[in-house]
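Have a look at the structure below before the remarks.
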Amino acid sequence: MTPWRKFRRWWLRRTAPMQLISYPKCGRTWLVMMISKATELHYGITLDNPLRLRDYHGRNRQIPSIYVHHDGGPEFKRADELETDKGGYRQSRVVLLVRDPRDVLVSSFFQQTQRNVNYQGRLETYIRGPVGGLTTILAFYNIWARNAHVPKALLLITYEEMREAPAATLRKVLDFYALQEISDAEAEAAVEFCRFENMKEMEQQGRYATRSLSARRSADERTFKMRKGKVGGYREHLSPQDQIWVDGLIRETLDPTMFACYHTTAAEPRLSDGEVGP
C-alpha cells in the first residue's frame with residue numbers, strides 16, 4: 001500500500017461522519033450490498049463498485065458519506081498489536097457488526113487458505129495461531145466493548161440477527177445513518193435482491209467491478225467471498241476437541257456484552273457452563 005493510500009485511510013477513519021466497522025468475515029459485504037441496493041433504488045444512482053458506499057455522497061450530497069472498513073486490518077495482527085485507542089471515532093456514528101467468533105474463525109481460515117492464500121497450515125493450527133486466530137478476534141471484540149461509549153453514536157448489530165430478520169436489521173441501520181427517506185418497500189426489495197443465493201451467483205458471474213465480489217475460482221465454492229453464510233457452520237469443520245478449546249477460551253475471555261450478542265439469538269441458544277455445543 002502506498003503512503004498516500006495509508007494516509008487516506010487514516011484520514012477517513014478520523015473524519016467520516018458515518019462508518020461501518022467489522023472484523024473480517026462477519027457478513028459486512030452482505031450488509032453493505034443491502035445498504036447500497038436500497039440507496040440505488042431510492043436515489044436512482046448506480047455505482048460500478050456498490051461496496052464503496054461513500055461514493056454515493058459524491059453523486060448526491062443528500063446521501064451521507066459512509067466509510068466501510070475493518071478498523072486497521074486486525075486479521076494480520078497479534079492481539080497485543082491491535083489499536084486500543086478509539087478516540088478518532090468521537091465525531092462519527094458507527095455501526096459495529098459482529099458475528100459468533102467460532103464462525104468467524106472458520107470463515108477466516110477459508111479466506112486465508114483458499115481465497116487470499118496467505119496461510120498454508122491446518123485449521124486446528126490456524127485457530128490457535130497468534131495472528132488472526134481466536135485470540136485476535138476476541139481481543140478485537142473486547143477492545144470495542146470497552147470503547148463502545150467513545151463514538152458519537154454506536155449501533156451494535158450481529159450477523160445472526162441479520163440472518164434471522166434481514167429487513168428489520170437493514171431498516172435499523174438505514175435509520176441510524178439518517179436514511180429514513182428510503183421506504184420499507186425499497187429496503188425489502190434490497191433484501192430480496194441480496195439474498196445469499198443471488199449474491200453467490202453475482203460473484204460467480206463477476207458482475208461487479210471489484211475483486212471483493214469475484215470468486216478466485218468460479219468452480220470452487222471454497223474460494224468464494226460468499227461461501228456458505230451459515231449460522232453455526234463452524235460445527236462442520238471444528239473437531240469436538242477444538243470446539244471444547246474454542247468454547248472455553250471464549251467463556252474465559254470474551255466481554256459479557258459481546259458474549260450475549262450471539263448467545264441469545266434463536267439460532268444459537270446460550271450454553272451453560274461445562275456444556276459443549278452439538
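Residue numbering restarts at 1 for every chain of the C-alpha cells, chains are lettered A, B, ... in their displayed order, and ligands are numbered from 1 as they appear.
Near Val231 in chain A, within 10 Å and counting only C-alpha atoms, sit Arg99, Asp100, Arg102, Asp103, Tyr159, Glu160, Arg163, Glu164, Tyr262, Ala267 and Glu268 of chain A, not including residues fewer than 6 positions from it in the same chain.
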Excluding range 2-8 of chain A and any residue of its chain fewer than 6 positions from it, enumerate the residues within 12 Å of it, using only C-alpha atoms, and give them as an mmCIF file with C-alpha atoms, in the first residue's frame.
data_model
loop_
_atom_site.group_PDB
_atom_site.id
_atom_site.type_symbol
_atom_site.label_atom_id
_atom_site.label_comp_id
_atom_site.auth_asym_id
_atom_site.auth_seq_id
_atom_site.Cartn_x
_atom_site.Cartn_y
_atom_site.Cartn_z
ATOM 1 C CA ARG A 14 -10.969 10.040 11.671
ATOM 2 C CA THR A 15 -13.216 12.290 9.620
ATOM 3 C CA ALA A 16 -16.020 10.218 8.067
ATOM 4 C CA TYR A 67 -16.877 4.771 5.201
ATOM 5 C CA GLY A 72 -6.883 -1.352 10.672
ATOM 6 C CA GLY A 73 -6.578 -4.879 9.284
#
| said: From the options A:Cys261, A:Leu12, A:Leu123, A:Cys194, which residue's atoms come nearest to Asp71 in chain A, counting only C-alpha atoms? | reply: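 Looking at the shortest contact to Asp71 in chain A, the residue is A:Leu12.
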DSSP on the backbone, strand (DSSP E) only: what residues of range 10-254 of chain A does that give? Format it as a PDB file with N, CA and C atoms, in the first residue's frame.
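Contents of result.pdb, freshly written:
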ATOM      1  N   MET A  18     -20.090   8.962   9.083  1.00  0.00           N
ATOM      2  CA  MET A  18     -20.770   7.673   9.219  1.00  0.00           C
ATOM      3  C   MET A  18     -19.766   6.569   8.891  1.00  0.00           C
ATOM      4  N   GLN A  19     -19.692   5.548   9.722  1.00  0.00           N
ATOM      5  CA  GLN A  19     -18.733   4.470   9.483  1.00  0.00           C
ATOM      6  C   GLN A  19     -19.382   3.122   9.764  1.00  0.00           C
ATOM      7  N   LEU A  20     -18.938   2.118   9.008  1.00  0.00           N
ATOM      8  CA  LEU A  20     -19.385   0.745   9.211  1.00  0.00           C
ATOM      9  C   LEU A  20     -18.137  -0.096   9.432  1.00  0.00           C
ATOM     10  N   ILE A  21     -18.029  -0.695  10.613  1.00  0.00           N
ATOM     11  CA  ILE A  21     -16.817  -1.401  11.018  1.00  0.00           C
ATOM     12  C   ILE A  21     -17.156  -2.844  11.370  1.00  0.00           C
ATOM     13  N   SER A  22     -16.270  -3.750  10.986  1.00  0.00           N
ATOM     14  CA  SER A  22     -16.416  -5.138  11.419  1.00  0.00           C
ATOM     15  C   SER A  22     -15.056  -5.818  11.359  1.00  0.00           C
ATOM     16  N   ILE A  66     -20.616   7.257   3.947  1.00  0.00           N
ATOM     17  CA  ILE A  66     -20.418   6.122   4.855  1.00  0.00           C
ATOM     18  C   ILE A  66     -19.113   5.436   4.487  1.00  0.00           C
ATOM     19  N   TYR A  67     -18.174   5.408   5.430  1.00  0.00           N
ATOM     20  CA  TYR A  67     -16.877   4.771   5.201  1.00  0.00           C
ATOM     21  C   TYR A  67     -16.913   3.361   5.790  1.00  0.00           C
ATOM     22  N   VAL A  68     -16.612   2.380   4.945  1.00  0.00           N
ATOM     23  CA  VAL A  68     -16.681   0.968   5.327  1.00  0.00           C
ATOM     24  C   VAL A  68     -15.261   0.413   5.452  1.00  0.00           C
ATOM     25  N   HIS A  69     -14.949  -0.205   6.600  1.00  0.00           N
ATOM     26  CA  HIS A  69     -13.579  -0.716   6.775  1.00  0.00           C
ATOM     27  C   HIS A  69     -13.525  -1.718   7.926  1.00  0.00           C
ATOM     28  N   ARG A  93     -20.758   8.438  13.712  1.00  0.00           N
ATOM     29  CA  ARG A  93     -21.796   7.466  14.024  1.00  0.00           C
ATOM     30  C   ARG A  93     -21.331   6.131  13.450  1.00  0.00           C
ATOM     31  N   VAL A  94     -21.149   5.142  14.309  1.00  0.00           N
ATOM     32  CA  VAL A  94     -20.508   3.890  13.921  1.00  0.00           C
ATOM     33  C   VAL A  94     -21.474   2.717  14.056  1.00  0.00           C
ATOM     34  N   VAL A  95     -21.629   1.968  12.979  1.00  0.00           N
ATOM     35  CA  VAL A  95     -22.283   0.662  13.046  1.00  0.00           C
ATOM     36  C   VAL A  95     -21.173  -0.368  13.224  1.00  0.00           C
ATOM     37  N   LEU A  96     -21.253  -1.153  14.290  1.00  0.00           N
ATOM     38  CA  LEU A  96     -20.285  -2.215  14.544  1.00  0.00           C
ATOM     39  C   LEU A  96     -20.984  -3.551  14.340  1.00  0.00           C
ATOM     40  N   LEU A  97     -20.515  -4.294  13.356  1.00  0.00           N
ATOM     41  CA  LEU A  97     -21.097  -5.593  13.012  1.00  0.00           C
ATOM     42  C   LEU A  97     -20.228  -6.705  13.592  1.00  0.00           C
ATOM     43  N   VAL A  98     -20.829  -7.587  14.380  1.00  0.00           N
ATOM     44  CA  VAL A  98     -20.090  -8.710  14.966  1.00  0.00           C
ATOM     45  C   VAL A  98     -20.778 -10.024  14.611  1.00  0.00           C
ATOM     46  N   ALA A 153     -22.122   8.057  18.296  1.00  0.00           N
ATOM     47  CA  ALA A 153     -23.203   7.086  18.474  1.00  0.00           C
ATOM     48  C   ALA A 153     -22.705   5.756  17.947  1.00  0.00           C
ATOM     49  N   LEU A 154     -23.117   4.661  18.568  1.00  0.00           N
ATOM     50  CA  LEU A 154     -22.697   3.334  18.119  1.00  0.00           C
ATOM     51  C   LEU A 154     -23.900   2.408  18.090  1.00  0.00           C
ATOM     52  N   LEU A 155     -24.072   1.730  16.962  1.00  0.00           N
ATOM     53  CA  LEU A 155     -25.126   0.731  16.802  1.00  0.00           C
ATOM     54  C   LEU A 155     -24.460  -0.630  16.643  1.00  0.00           C
ATOM     55  N   LEU A 156     -24.684  -1.524  17.591  1.00  0.00           N
ATOM     56  CA  LEU A 156     -24.119  -2.864  17.558  1.00  0.00           C
ATOM     57  C   LEU A 156     -25.144  -3.817  16.971  1.00  0.00           C
ATOM     58  N   ILE A 157     -24.788  -4.467  15.879  1.00  0.00           N
ATOM     59  CA  ILE A 157     -25.674  -5.466  15.282  1.00  0.00           C
ATOM     60  C   ILE A 157     -24.884  -6.748  15.058  1.00  0.00           C
ATOM     61  N   THR A 158     -25.590  -7.854  14.922  1.00  0.00           N
ATOM     62  CA  THR A 158     -24.924  -9.141  14.737  1.00  0.00           C
ATOM     63  C   THR A 158     -25.312  -9.765  13.399  1.00  0.00           C
TER      64      THR A 158
END
| query | Looking at only C-alpha atoms, which of A:Pro101, A:Gly248, A:Pro256, A:Pro166 is the one that sits closest to Leu31 in chain A? | reply |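 That would be A:Pro166, the residue with the smallest distance to Leu31 in chain A.
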| Top pick for closest residue to Tyr126 in chain A, considering A:Tyr234, A:Phe109, A:Trp11, A:Phe196 and counting only C-alpha atoms | A:Phe109
| query | If you measure from CA of Lys230 in chain A to CA of Tyr177 in chain A, what distance in Å do you get, rounded to one decimal? | reply | 27.1 Å
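Between CA of Asp242 in chain A and CA of Ile143 in chain A the interatomic distance comes to 24.7 Å.
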| Which of range 51-194 of chain A DSSP labels alpha helix (DSSP H), written as a PyMOL selection string | chain A and resi 54-59+101-110+123-126+134-146+159-164+166-176+184-193
Same residues, C-alpha atoms, output as a compact mmCIF listing (two decimals), in the first residue's frame:
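Below is the file that was written, again.txt:
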# COMPACT_ATOMS: atom_id res chain seq x y z
CA ARG A 54 -19.07 6.78 0.34
CA ASP A 55 -19.17 7.25 -3.45
CA TYR A 56 -22.93 7.82 -3.28
CA HIS A 57 -22.24 11.04 -1.39
CA GLY A 58 -20.10 12.24 -4.28
CA ARG A 59 -23.04 11.74 -6.64
CA PRO A 101 -16.24 -15.86 16.82
CA ARG A 102 -16.40 -19.58 16.01
CA ASP A 103 -17.98 -18.96 12.62
CA VAL A 104 -15.58 -16.06 12.04
CA LEU A 105 -12.63 -18.38 12.73
CA VAL A 106 -13.68 -20.99 10.20
CA SER A 107 -14.64 -18.45 7.55
CA SER A 108 -11.34 -16.62 8.07
CA PHE A 109 -9.43 -19.88 7.63
CA PHE A 110 -11.03 -20.50 4.23
CA LEU A 123 -7.42 -25.43 10.70
CA GLU A 124 -6.54 -26.64 14.20
CA THR A 125 -3.26 -24.75 13.98
CA TYR A 126 -4.80 -21.61 12.50
CA LEU A 134 -9.15 -16.77 18.16
CA THR A 135 -7.09 -14.57 20.50
CA THR A 136 -7.01 -11.80 17.88
CA ILE A 137 -10.78 -11.96 17.27
CA LEU A 138 -11.61 -11.91 20.98
CA ALA A 139 -9.22 -9.02 21.63
CA PHE A 140 -10.82 -7.03 18.78
CA TYR A 141 -14.29 -7.58 20.24
CA ASN A 142 -13.16 -6.77 23.77
CA ILE A 143 -11.46 -3.53 22.72
CA TRP A 144 -14.67 -2.34 21.10
CA ALA A 145 -16.74 -3.41 24.10
CA ARG A 146 -14.55 -1.20 26.30
CA TYR A 159 -24.69 -11.34 11.69
CA GLU A 160 -27.08 -13.71 13.43
CA GLU A 161 -29.83 -11.09 13.68
CA MET A 162 -29.27 -10.18 10.02
CA ARG A 163 -29.89 -13.80 9.06
CA GLU A 164 -32.95 -14.03 11.28
CA PRO A 166 -32.66 -9.05 7.43
CA ALA A 167 -35.30 -6.44 6.58
CA ALA A 168 -35.69 -5.29 10.19
CA THR A 169 -31.91 -5.14 10.65
CA LEU A 170 -31.44 -3.17 7.44
CA ARG A 171 -34.19 -0.75 8.50
CA LYS A 172 -32.39 -0.19 11.80
CA VAL A 173 -29.11 0.56 10.02
CA LEU A 174 -30.69 2.89 7.45
CA ASP A 175 -32.39 4.91 10.17
CA PHE A 176 -29.15 5.12 12.15
CA ASP A 184 -39.68 -0.03 3.85
CA ALA A 185 -40.65 -1.35 0.41
CA GLU A 186 -37.29 -0.27 -1.03
CA ALA A 187 -35.48 -1.82 1.91
CA GLU A 188 -37.35 -5.09 1.47
CA ALA A 189 -36.58 -5.07 -2.26
CA ALA A 190 -32.90 -4.62 -1.42
CA VAL A 191 -33.04 -7.60 0.94
CA GLU A 192 -34.65 -9.72 -1.76
CA PHE A 193 -32.03 -8.67 -4.32
| CA of Pro64 in chain A and CA of Ala165 in chain A, how far apart in Å? |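 So the two atoms, CA of Ala165 in chain A and CA of Pro64 in chain A, lie 24.4 Å apart.
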| message | When you look at Gly44 in chain A with a cut-off of 12 Å (counting only C-alpha atoms), what residues show up, excluding the ones that are within fewer than 2 positions of it in the same chain? I need them as a list in words. | response |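 Near neighbours after the sequence-gap exclusion: Ser36, Lys37, Ala38, Thr39, Glu40, Leu41, His42, Thr46, Leu47, Tyr56, Arg59, Asn60, Ile63, Ile182 and Glu186 of chain A.
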| remark: Restricting to only C-alpha atoms, whichever of A:Thr257, A:Tyr23, A:His237, A:Ser65 is closest to Ala178 in chain A is A:Ser65
| request: Rank nothing, just name the residue among A:Leu51, A:Ile45, A:Ile127, A:Val150 nearest to Arg28 in chain A, using only C-alpha atoms. | output: A:Leu51
